[in-house]
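Chemist: Okay, so here is entry.tsv, and as you'll see once you scroll down, it has TSV, C-alpha atoms and all ligand atoms.
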chain	number	residue	atom	x	y	z
A	1	MET	CA	-2.56	-17.04	-3.87
A	2	GLU	CA	-2.37	-17.83	-7.59
A	3	HIS	CA	-1.15	-21.20	-8.69
A	4	HIS	CA	2.32	-21.31	-10.15
A	5	ALA	CA	2.97	-22.35	-13.71
A	6	ALA	CA	3.37	-26.07	-14.39
A	7	GLY	CA	7.00	-27.09	-14.17
A	8	GLU	CA	7.95	-24.05	-12.07
A	9	ASP	CA	10.04	-25.21	-9.13
A	10	ILE	CA	8.79	-22.95	-6.39
A	11	ALA	CA	10.99	-24.71	-3.85
A	12	GLN	CA	13.89	-22.67	-5.27
A	13	PRO	CA	14.38	-19.31	-3.50
A	14	ALA	CA	14.37	-17.28	-6.72
A	15	ALA	CA	11.22	-19.05	-7.89
A	16	VAL	CA	9.54	-18.51	-4.52
A	17	LEU	CA	10.36	-14.82	-4.59
A	18	ASP	CA	9.24	-14.42	-8.19
A	19	HIS	CA	6.03	-16.28	-7.40
A	20	LEU	CA	5.29	-13.96	-4.48
A	21	LEU	CA	6.02	-10.87	-6.58
A	22	ARG	CA	3.82	-12.07	-9.43
A	23	SER	CA	0.93	-13.28	-7.33
A	24	ARG	CA	0.60	-10.26	-5.04
A	25	HIS	CA	-1.62	-7.34	-5.94
A	26	SER	CA	-3.12	-4.40	-4.13
A	27	CYS	CA	-6.25	-5.58	-2.36
A	28	ARG	CA	-9.19	-3.16	-2.41
A	29	ALA	CA	-11.83	-5.28	-0.67
A	30	PHE	CA	-11.29	-7.37	2.44
A	31	SER	CA	-13.24	-9.87	4.46
A	32	GLU	CA	-13.93	-8.92	8.07
A	33	ASP	CA	-11.83	-11.80	9.38
A	34	ALA	CA	-9.01	-10.64	11.62
A	35	VAL	CA	-5.46	-11.82	10.99
A	36	PRO	CA	-4.23	-13.75	14.06
A	37	ARG	CA	-1.69	-11.78	16.10
A	38	PRO	CA	1.13	-14.38	15.61
A	39	VAL	CA	0.72	-14.06	11.82
A	40	ILE	CA	0.93	-10.25	12.02
A	41	GLU	CA	3.99	-10.57	14.24
A	42	SER	CA	5.60	-12.93	11.76
A	43	ILE	CA	5.03	-10.46	8.89
A	44	LEU	CA	6.41	-7.61	11.01
A	45	ALA	CA	9.43	-9.68	12.07
A	46	SER	CA	10.27	-10.46	8.43
A	47	ALA	CA	9.79	-6.82	7.43
A	48	GLN	CA	12.20	-5.76	10.20
A	49	ARG	CA	14.96	-7.35	8.07
A	50	THR	CA	14.57	-4.55	5.50
A	51	PRO	CA	17.95	-2.87	4.86
A	52	SER	CA	18.25	0.87	5.44
A	53	TRP	CA	20.94	3.51	5.08
A	54	CYS	CA	23.39	3.17	8.00
A	55	ASN	CA	20.97	0.58	9.34
A	56	THR	CA	18.94	3.43	10.80
A	57	GLN	CA	15.67	1.50	10.42
A	58	PRO	CA	13.66	4.70	10.50
A	59	TRP	CA	10.25	3.05	10.19
A	60	GLN	CA	7.88	2.89	13.09
A	61	LEU	CA	4.39	1.53	12.88
A	62	ALA	CA	1.08	1.94	14.59
A	63	VAL	CA	-0.74	-1.34	13.93
A	64	LEU	CA	-4.48	-1.19	14.45
A	65	SER	CA	-6.84	-4.12	14.91
A	66	GLY	CA	-10.43	-4.72	15.94
A	67	ALA	CA	-12.10	-1.81	17.75
A	68	SER	CA	-9.09	0.46	17.07
A	69	THR	CA	-9.44	-0.02	13.33
A	70	ARG	CA	-13.17	0.61	13.51
A	71	ALA	CA	-12.75	3.78	15.59
A	72	PHE	CA	-9.92	5.04	13.34
A	73	ARG	CA	-11.97	4.38	10.18
A	74	ALA	CA	-14.97	6.26	11.58
A	75	ALA	CA	-12.86	9.22	12.72
A	76	LEU	CA	-10.94	9.35	9.43
A	77	LEU	CA	-14.11	9.27	7.33
A	78	GLU	CA	-15.54	12.10	9.40
A	79	HIS	CA	-12.29	14.08	9.13
A	80	VAL	CA	-11.81	13.72	5.37
A	81	ALA	CA	-15.37	14.86	4.68
A	82	GLY	CA	-14.34	18.42	5.54
A	83	ALA	CA	-10.55	18.47	5.19
A	84	GLN	CA	-8.08	19.40	2.47
A	85	ALA	CA	-5.19	17.05	1.71
A	86	ALA	CA	-2.05	18.10	3.61
A	87	PRO	CA	0.60	15.37	3.37
A	88	ASP	CA	3.96	15.62	5.17
A	89	ILE	CA	5.71	14.55	1.97
A	90	ALA	CA	4.48	16.54	-1.02
A	91	PHE	CA	2.38	14.53	-3.45
A	92	PRO	CA	3.46	14.69	-7.12
A	93	GLU	CA	2.49	18.04	-8.64
A	94	ALA	CA	1.69	16.41	-11.96
A	95	TYR	CA	1.89	13.09	-13.75
A	96	ARG	CA	3.23	13.59	-17.25
A	97	GLY	CA	4.12	11.40	-20.21
A	98	VAL	CA	4.56	7.75	-19.43
A	99	TYR	CA	3.71	8.30	-15.76
A	100	GLN	CA	0.40	9.85	-16.70
A	101	GLU	CA	-0.27	6.91	-19.04
A	102	ARG	CA	0.52	4.30	-16.39
A	103	ARG	CA	-1.51	6.13	-13.76
A	104	ARG	CA	-4.45	6.42	-16.12
A	105	ALA	CA	-4.20	2.75	-17.14
A	106	CYS	CA	-4.38	1.41	-13.61
A	107	GLY	CA	-7.11	3.89	-12.71
A	108	LEU	CA	-9.17	2.75	-15.69
A	109	GLN	CA	-8.64	-0.87	-14.74
A	110	LEU	CA	-10.04	-0.15	-11.29
A	111	TYR	CA	-12.98	1.85	-12.63
A	112	GLU	CA	-13.83	-0.83	-15.17
A	113	ALA	CA	-13.62	-3.52	-12.51
A	114	VAL	CA	-15.97	-1.74	-10.10
A	115	GLY	CA	-18.21	-0.23	-12.80
A	116	VAL	CA	-17.36	3.47	-12.53
A	117	ALA	CA	-18.25	5.06	-15.86
A	118	ARG	CA	-15.89	7.57	-17.46
A	119	GLY	CA	-16.78	11.07	-16.24
A	120	ASP	CA	-18.99	9.87	-13.38
A	121	ARG	CA	-17.52	12.09	-10.70
A	122	GLU	CA	-19.85	10.96	-7.97
A	123	ALA	CA	-18.97	7.30	-8.51
A	124	SER	CA	-15.23	8.01	-8.77
A	125	GLY	CA	-15.44	10.10	-5.60
A	126	ARG	CA	-17.19	7.23	-3.86
A	127	GLN	CA	-14.46	4.84	-4.97
A	128	ALA	CA	-11.74	7.28	-3.83
A	129	ARG	CA	-13.40	7.48	-0.40
A	130	GLU	CA	-12.99	3.70	-0.12
A	131	ASN	CA	-9.38	4.56	0.77
A	132	PHE	CA	-10.60	6.10	4.01
A	133	ARG	CA	-12.85	3.13	4.71
A	134	LEU	CA	-9.54	1.25	4.54
A	135	TYR	CA	-11.25	-0.81	1.83
A	136	GLY	CA	-12.99	-2.64	4.66
A	137	ALA	CA	-9.74	-4.06	6.06
A	138	PRO	CA	-9.75	-5.26	9.67
A	139	HIS	CA	-6.21	-3.89	10.19
A	140	VAL	CA	-4.18	-0.88	9.16
A	141	ALA	CA	-0.52	-0.10	9.79
A	142	ILE	CA	0.52	3.54	9.75
A	143	VAL	CA	4.16	3.83	8.68
A	144	THR	CA	6.15	6.85	9.86
A	145	THR	CA	9.75	8.02	9.57
A	146	ASP	CA	11.84	10.50	11.57
A	147	ALA	CA	11.81	13.95	9.95
A	148	ALA	CA	15.54	14.38	10.68
A	149	LEU	CA	16.42	11.49	8.36
A	150	GLY	CA	14.99	13.37	5.40
A	151	GLN	CA	14.28	11.87	2.04
A	152	TYR	CA	16.48	8.81	2.54
A	153	GLY	CA	14.48	7.96	5.65
A	154	ALA	CA	11.45	7.92	3.38
A	155	VAL	CA	13.35	5.75	0.87
A	156	ASP	CA	14.12	3.27	3.66
A	157	CYS	CA	10.45	3.25	4.65
A	158	GLY	CA	9.48	2.59	1.03
A	159	ALA	CA	11.73	-0.45	1.08
A	160	TYR	CA	10.10	-1.48	4.35
A	161	VAL	CA	6.62	-1.19	2.84
A	162	SER	CA	7.69	-3.42	-0.03
A	163	THR	CA	9.12	-6.06	2.31
A	164	PHE	CA	5.98	-5.93	4.43
A	165	MET	CA	3.83	-6.52	1.36
A	166	LEU	CA	5.91	-9.51	0.26
A	167	ALA	CA	5.94	-10.99	3.75
A	168	ALA	CA	2.17	-10.54	3.94
A	169	GLN	CA	1.76	-12.29	0.59
A	170	ALA	CA	3.90	-15.16	1.85
A	171	HIS	CA	1.43	-15.56	4.72
A	172	GLY	CA	-1.63	-15.38	2.47
A	173	VAL	CA	-2.44	-11.95	3.87
A	174	ALA	CA	-3.65	-9.32	1.41
A	175	CYS	CA	-2.74	-5.66	1.71
A	176	ILE	CA	-2.55	-2.29	0.03
A	177	ALA	CA	-0.16	0.59	0.55
A	178	GLN	CA	-2.11	3.84	0.78
A	179	ALA	CA	-0.54	7.24	0.28
A	180	ALA	CA	-4.12	8.54	0.44
A	181	LEU	CA	-3.95	8.19	4.22
A	182	ALA	CA	-0.77	10.29	4.35
A	183	ALA	CA	-2.81	13.16	2.91
A	184	HIS	CA	-4.20	13.55	6.42
A	185	ALA	CA	-0.91	13.31	8.29
A	186	SER	CA	-1.65	15.82	11.07
A	187	PHE	CA	-5.00	14.25	11.82
A	188	ILE	CA	-3.37	10.79	11.99
A	189	ARG	CA	-0.56	12.03	14.22
A	190	ALA	CA	-3.03	13.64	16.61
A	191	TRP	CA	-5.48	10.71	16.62
A	192	LEU	CA	-2.78	8.11	17.25
A	193	GLY	CA	-0.61	10.28	19.50
A	194	ILE	CA	2.38	10.05	17.16
A	195	ALA	CA	5.27	12.41	17.98
A	196	ASP	CA	5.48	15.70	16.05
A	197	GLU	CA	8.90	14.86	14.56
A	198	ARG	CA	7.54	11.78	12.81
A	199	ARG	CA	6.41	12.03	9.21
A	200	VAL	CA	3.60	9.87	7.87
A	201	ILE	CA	4.78	7.86	4.85
A	202	CYS	CA	1.63	5.87	4.13
A	203	GLY	CA	-0.83	3.42	5.54
A	204	ILE	CA	-0.98	-0.29	4.78
A	205	SER	CA	-4.47	-1.73	5.13
A	206	PHE	CA	-4.35	-5.49	5.46
A	207	GLY	CA	-6.40	-8.60	6.14
A	208	TYR	CA	-7.81	-11.42	4.04
A	209	ALA	CA	-8.92	-10.65	0.50
A	210	ASP	CA	-12.56	-10.65	-0.50
A	211	ALA	CA	-11.38	-12.50	-3.59
A	212	ALA	CA	-14.72	-12.34	-5.39
A	213	HIS	CA	-15.12	-8.57	-5.04
A	214	PRO	CA	-15.00	-6.67	-8.36
A	215	ALA	CA	-12.22	-4.37	-7.08
A	216	ASN	CA	-9.92	-7.37	-6.78
A	217	GLN	CA	-10.50	-8.69	-10.31
A	218	PHE	CA	-7.75	-6.86	-12.22
A	219	ARG	CA	-3.97	-7.04	-12.29
A	220	THR	CA	-1.69	-4.16	-13.22
A	221	ALA	CA	1.00	-4.34	-15.90
A	222	ARG	CA	4.67	-3.48	-15.64
A	223	ALA	CA	7.03	-1.86	-18.10
A	224	THR	CA	9.55	-4.15	-19.77
A	225	LEU	CA	13.24	-4.21	-18.89
A	226	VAL	CA	13.89	-2.34	-22.14
A	227	GLU	CA	11.92	0.60	-20.78
A	228	ALA	CA	13.49	0.50	-17.33
A	229	VAL	CA	17.13	-0.45	-17.87
A	230	ASP	CA	19.97	1.19	-19.81
A	231	TRP	CA	22.68	-1.47	-20.11
A	232	ARG	CA	26.30	-0.21	-20.27
A	233	GLU	CA	29.01	-2.77	-20.93
B	1	LIG	C1	3.61	3.93	-1.77
B	1	LIG	C2	2.31	3.49	-2.39
B	1	LIG	C3	1.16	4.21	-2.17
B	1	LIG	C4	-0.06	3.81	-2.72
B	1	LIG	N1	-1.20	4.52	-2.43
B	1	LIG	C5	-2.40	4.06	-2.84
B	1	LIG	C6	-3.60	4.69	-2.43
B	1	LIG	O1	-3.59	5.69	-1.71
B	1	LIG	N2	-4.77	4.15	-2.83
B	1	LIG	C7	-4.83	3.04	-3.63
B	1	LIG	O2	-5.94	2.60	-3.95
B	1	LIG	N3	-3.70	2.42	-4.05
B	1	LIG	C8	-2.50	2.89	-3.65
B	1	LIG	N4	-1.35	2.22	-4.01
B	1	LIG	C9	-1.43	1.01	-4.83
B	1	LIG	C10	-0.92	1.23	-6.24
B	1	LIG	O3	-1.91	1.84	-7.03
B	1	LIG	C11	-0.52	-0.14	-6.83
B	1	LIG	O4	0.54	-0.67	-6.09
B	1	LIG	C12	-0.11	-0.08	-8.29
B	1	LIG	O5	-1.18	0.34	-9.11
B	1	LIG	C13	0.39	-1.44	-8.79
B	1	LIG	O6	-0.61	-2.42	-8.64
B	1	LIG	P1	-0.44	-3.70	-7.72
B	1	LIG	O7	-0.06	-3.23	-6.32
B	1	LIG	O8	-1.78	-4.37	-7.73
B	1	LIG	O9	0.66	-4.54	-8.29
B	1	LIG	C14	-0.11	2.64	-3.51
B	1	LIG	C15	1.05	1.90	-3.71
B	1	LIG	C16	2.25	2.31	-3.18
B	1	LIG	C17	3.48	1.47	-3.40
When written as structure tokens, how does the structure in this file appear?
Modeler:
Amino acid sequence: MEHHAAGEDIAQPAAVLDHLLRSRHSCRAFSEDAVPRPVIESILASAQRTPSWCNTQPWQLAVLSGASTRAFRAALLEHVAGAQAAPDIAFPEAYRGVYQERRRACGLQLYEAVGVARGDREASGRQARENFRLYGAPHVAIVTTDAALGQYGAVDCGAYVSTFMLAAQAHGVACIAQAALAAHASFIRAWLGIADERRVICGISFGYADAAHPANQFRTARATLVEAVDWRE
């Protein structure tokens, strides 16, 4: 975890929260060290407090560790080698304007960090496949929602993913949400024996960061409030 600024009183709840939000980042290289089960349970127990519409709590998780993670990684890598993406929830058709710019900016940051040259399709493909290696994480959580709860079920699961990531950060556990895994929803459902009516939202690979790895050396920017908020008084 990053150190907080001098004079910042991180004993205050708002400061603690802000510190967690500012110090977390998506981890794309992990050490092999497993996260102890009580720590995972603590993260999951905190994330259970996520609010949801009508308190439906539509999220369910398959949490993989040890041999399960290794077997899942191997099967997924084999599957994606010959499969087309087929997510339950349609991926964006296009990124335009500011969204295209932001997507490109964070992609370039990653490529620069890991040394993928512009236009090097083989290297960018290799980096994209890291998703299916779970970036070397010892654990992955597959987050699903009930199809009958529709788009708001997915919204609730998005909130859950965010709470999970913050709780993980609070425990010094690194993670990354991965929609890339949801591209292979049917395979995941079949491999994990998840019911047909459940829709795959994303995966969250987690563990302890390989802090020195090039993929973990950059931090993404955020738009200012001016860009995000239209004040009406
Ligand atoms: C729902 C969701 C899905 C994501 N899917 C992927 C993914 O498939 N692969 C990946 O490398 N990063 C993925 N990310 C990570 C984002 O790229 C990252 O959160 C964003 O660039 C902001 O950077 P930060 O998380 O380091 O703050 C995903 C993040 C979210 C919230």
Chemist: Might you pull out every residue within 10 Å of Phe91 in chain A, with all atoms listed in the file counted and same-chain residues fewer than 4 positions away left off, and present them as a ChimeraX atom specification?
Modeler: /A:85-87,179-180,182-183
Chemist: Looking at only C-alpha atoms and all ligand atoms, which of A:Ala45, A:Ala215, A:Ala62, A:Ala67 is the one that sits closest to ligand LIG 1 (chain B)?
Modeler: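 Checking each candidate against ligand LIG 1 (chain B), we get A:Ala215 as the closest.
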Chemist: Find the spatial neighbours of Val80 in chain A, counting only C-alpha atoms, within a cut-off of 8 Å - ignore same-chain residues fewer than 3 positions away - and output them as a list in words.
Modeler: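 Once the adjacent positions are removed, what remains is Leu76, Leu77, Ala83, Gln84, Phe132 and His184 of chain A.
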Chemist: Could I get the residues of chain A with an atom no further than 10 Å from an atom of ligand LIG 1 (chain B), each paired with its nearest atom pair and that distance in Å to one decimal, using only C-alpha atoms and all ligand atoms, sorted by chain and residue number, as a Markdown table?
Modeler:
| residue | atom | partner | partner_atom | distance |
| --- | --- | --- | --- | --- |
| A:Leu21 | CA | B:LIG1 | O9 | 8.5 |
| A:Arg22 | CA | B:LIG1 | O9 | 8.2 |
| A:Ser23 | CA | B:LIG1 | O9 | 8.8 |
| A:Arg24 | CA | B:LIG1 | O9 | 6.6 |
| A:His25 | CA | B:LIG1 | O8 | 3.5 |
| A:Ser26 | CA | B:LIG1 | O8 | 3.8 |
| A:Cys27 | CA | B:LIG1 | O8 | 7.1 |
| A:Arg28 | CA | B:LIG1 | O2 | 6.8 |
| A:Arg102 | CA | B:LIG1 | O5 | 8.5 |
| A:Arg103 | CA | B:LIG1 | O5 | 7.4 |
| A:Arg104 | CA | B:LIG1 | O5 | 9.8 |
| A:Ala105 | CA | B:LIG1 | O5 | 8.9 |
| A:Cys106 | CA | B:LIG1 | O5 | 5.6 |
| A:Gly107 | CA | B:LIG1 | O5 | 7.8 |
| A:Gln109 | CA | B:LIG1 | O5 | 9.4 |
| A:Leu110 | CA | B:LIG1 | O2 | 8.8 |
| A:Gln127 | CA | B:LIG1 | O2 | 8.9 |
| A:Ala128 | CA | B:LIG1 | O2 | 7.5 |
| A:Arg129 | CA | B:LIG1 | N2 | 9.6 |
| A:Glu130 | CA | B:LIG1 | O2 | 8.1 |
| A:Asn131 | CA | B:LIG1 | N2 | 5.9 |
| A:Phe132 | CA | B:LIG1 | O1 | 9.1 |
| A:Leu134 | CA | B:LIG1 | N2 | 9.2 |
| A:Tyr135 | CA | B:LIG1 | O2 | 8.6 |
| A:Cys157 | CA | B:LIG1 | C1 | 9.4 |
| A:Gly158 | CA | B:LIG1 | C1 | 6.6 |
| A:Ala159 | CA | B:LIG1 | C17 | 9.6 |
| A:Val161 | CA | B:LIG1 | C17 | 7.5 |
| A:Ser162 | CA | B:LIG1 | C17 | 7.3 |
| A:Met165 | CA | B:LIG1 | O7 | 9.2 |
| A:Cys175 | CA | B:LIG1 | O7 | 8.8 |
| A:Ile176 | CA | B:LIG1 | C9 | 6.0 |
| A:Ala177 | CA | B:LIG1 | C14 | 4.5 |
| A:Gln178 | CA | B:LIG1 | N1 | 3.4 |
| A:Ala179 | CA | B:LIG1 | N1 | 3.9 |
| A:Ala180 | CA | B:LIG1 | O1 | 3.6 |
| A:Leu181 | CA | B:LIG1 | O1 | 6.4 |
| A:Ala182 | CA | B:LIG1 | O1 | 8.1 |
| A:Ala183 | CA | B:LIG1 | O1 | 8.8 |
| A:Ile201 | CA | B:LIG1 | C1 | 7.8 |
| A:Cys202 | CA | B:LIG1 | C1 | 6.5 |
| A:Gly203 | CA | B:LIG1 | C3 | 8.0 |
| A:Ile204 | CA | B:LIG1 | C3 | 8.6 |
| A:Ser205 | CA | B:LIG1 | N2 | 9.9 |
| A:Ala215 | CA | B:LIG1 | O2 | 9.9 |
| A:Asn216 | CA | B:LIG1 | O8 | 8.7 |
| A:Phe218 | CA | B:LIG1 | O8 | 7.9 |
| A:Arg219 | CA | B:LIG1 | O8 | 5.7 |
| A:Thr220 | CA | B:LIG1 | O6 | 5.0 |
| A:Ala221 | CA | B:LIG1 | O9 | 7.6 |
| A:Arg222 | CA | B:LIG1 | C13 | 8.3 |
Chemist: CA of Val200 in chain A to CA of Asp33 in chain A: how many Å, to one decimal?
Modeler: 26.6 Å
Chemist: Identify which of the residues A:Tyr160, A:Phe72, A:Tyr111, A:Trp53 lies closest to Gln217 in chain A, counting all atoms listed in the file when measuring atom-to-atom distances.
Modeler: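 Smallest separation from Gln217 in chain A among the options: A:Tyr111.
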Chemist: State, in Å with one decimal place, the distance from CA of Val173 in chain A to CA of Val39 in chain A.
Modeler: 8.8 Å
Chemist: At what distance in Å, to one decimal, does CA of Ala137 in chain A lie from CA of Phe206 in chain A?
Modeler: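 Those two atoms sit 5.6 Å apart.
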Chemist: Kindly list the centre and edge lengths in Å, rounded to one decimal, for the axis-aligned box that covers all listed atoms of range 32-50 of chain A plus 8 Å on each of its six sides, as JSON.
Modeler:
{"center_x": 0.5, "center_y": -9.5, "center_z": 10.8, "size_x": 44.9, "size_y": 25.8, "size_z": 26.6}
Chemist: Give me the residues near Ala174 in chain A as a PyMOL selection string, where near means some atom within 7 Å (using all atoms listed in the file) and where sequence neighbours in that chain fewer than 5 positions away do not count.
Modeler: chain A and resi 27+168-169+206-209
Chemist: Between A:Phe30, A:Tyr99, A:Phe164, A:Tyr152, which residue has the minimum interatomic distance to Thr50 in chain A, considering only C-alpha atoms?
Modeler: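 Of A:Phe30, A:Tyr99, A:Phe164, A:Tyr152, the one nearest Thr50 in chain A is A:Phe164, counting only C-alpha atoms.
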Chemist: Report as a VMD selection string all protein, DNA and RNA residues lying within 12 Å of Ser68 in chain A, evaluated on all atoms listed in the file, omitting residues in the same chain fewer than 2 positions from it.
Modeler: chain A and resid 62 to 66 70 to 76 137 to 141 191 to 192
Chemist: Fewer than 4 positions away in the same chain doesn't count, so skip those; otherwise give me all residues within 6 Å of Arg199 in chain A, counting only C-alpha atoms, as a list of chain:residue names.
Modeler: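 Answer for this query is A:Asp88, A:Thr144, A:Thr145, A:Ala147.
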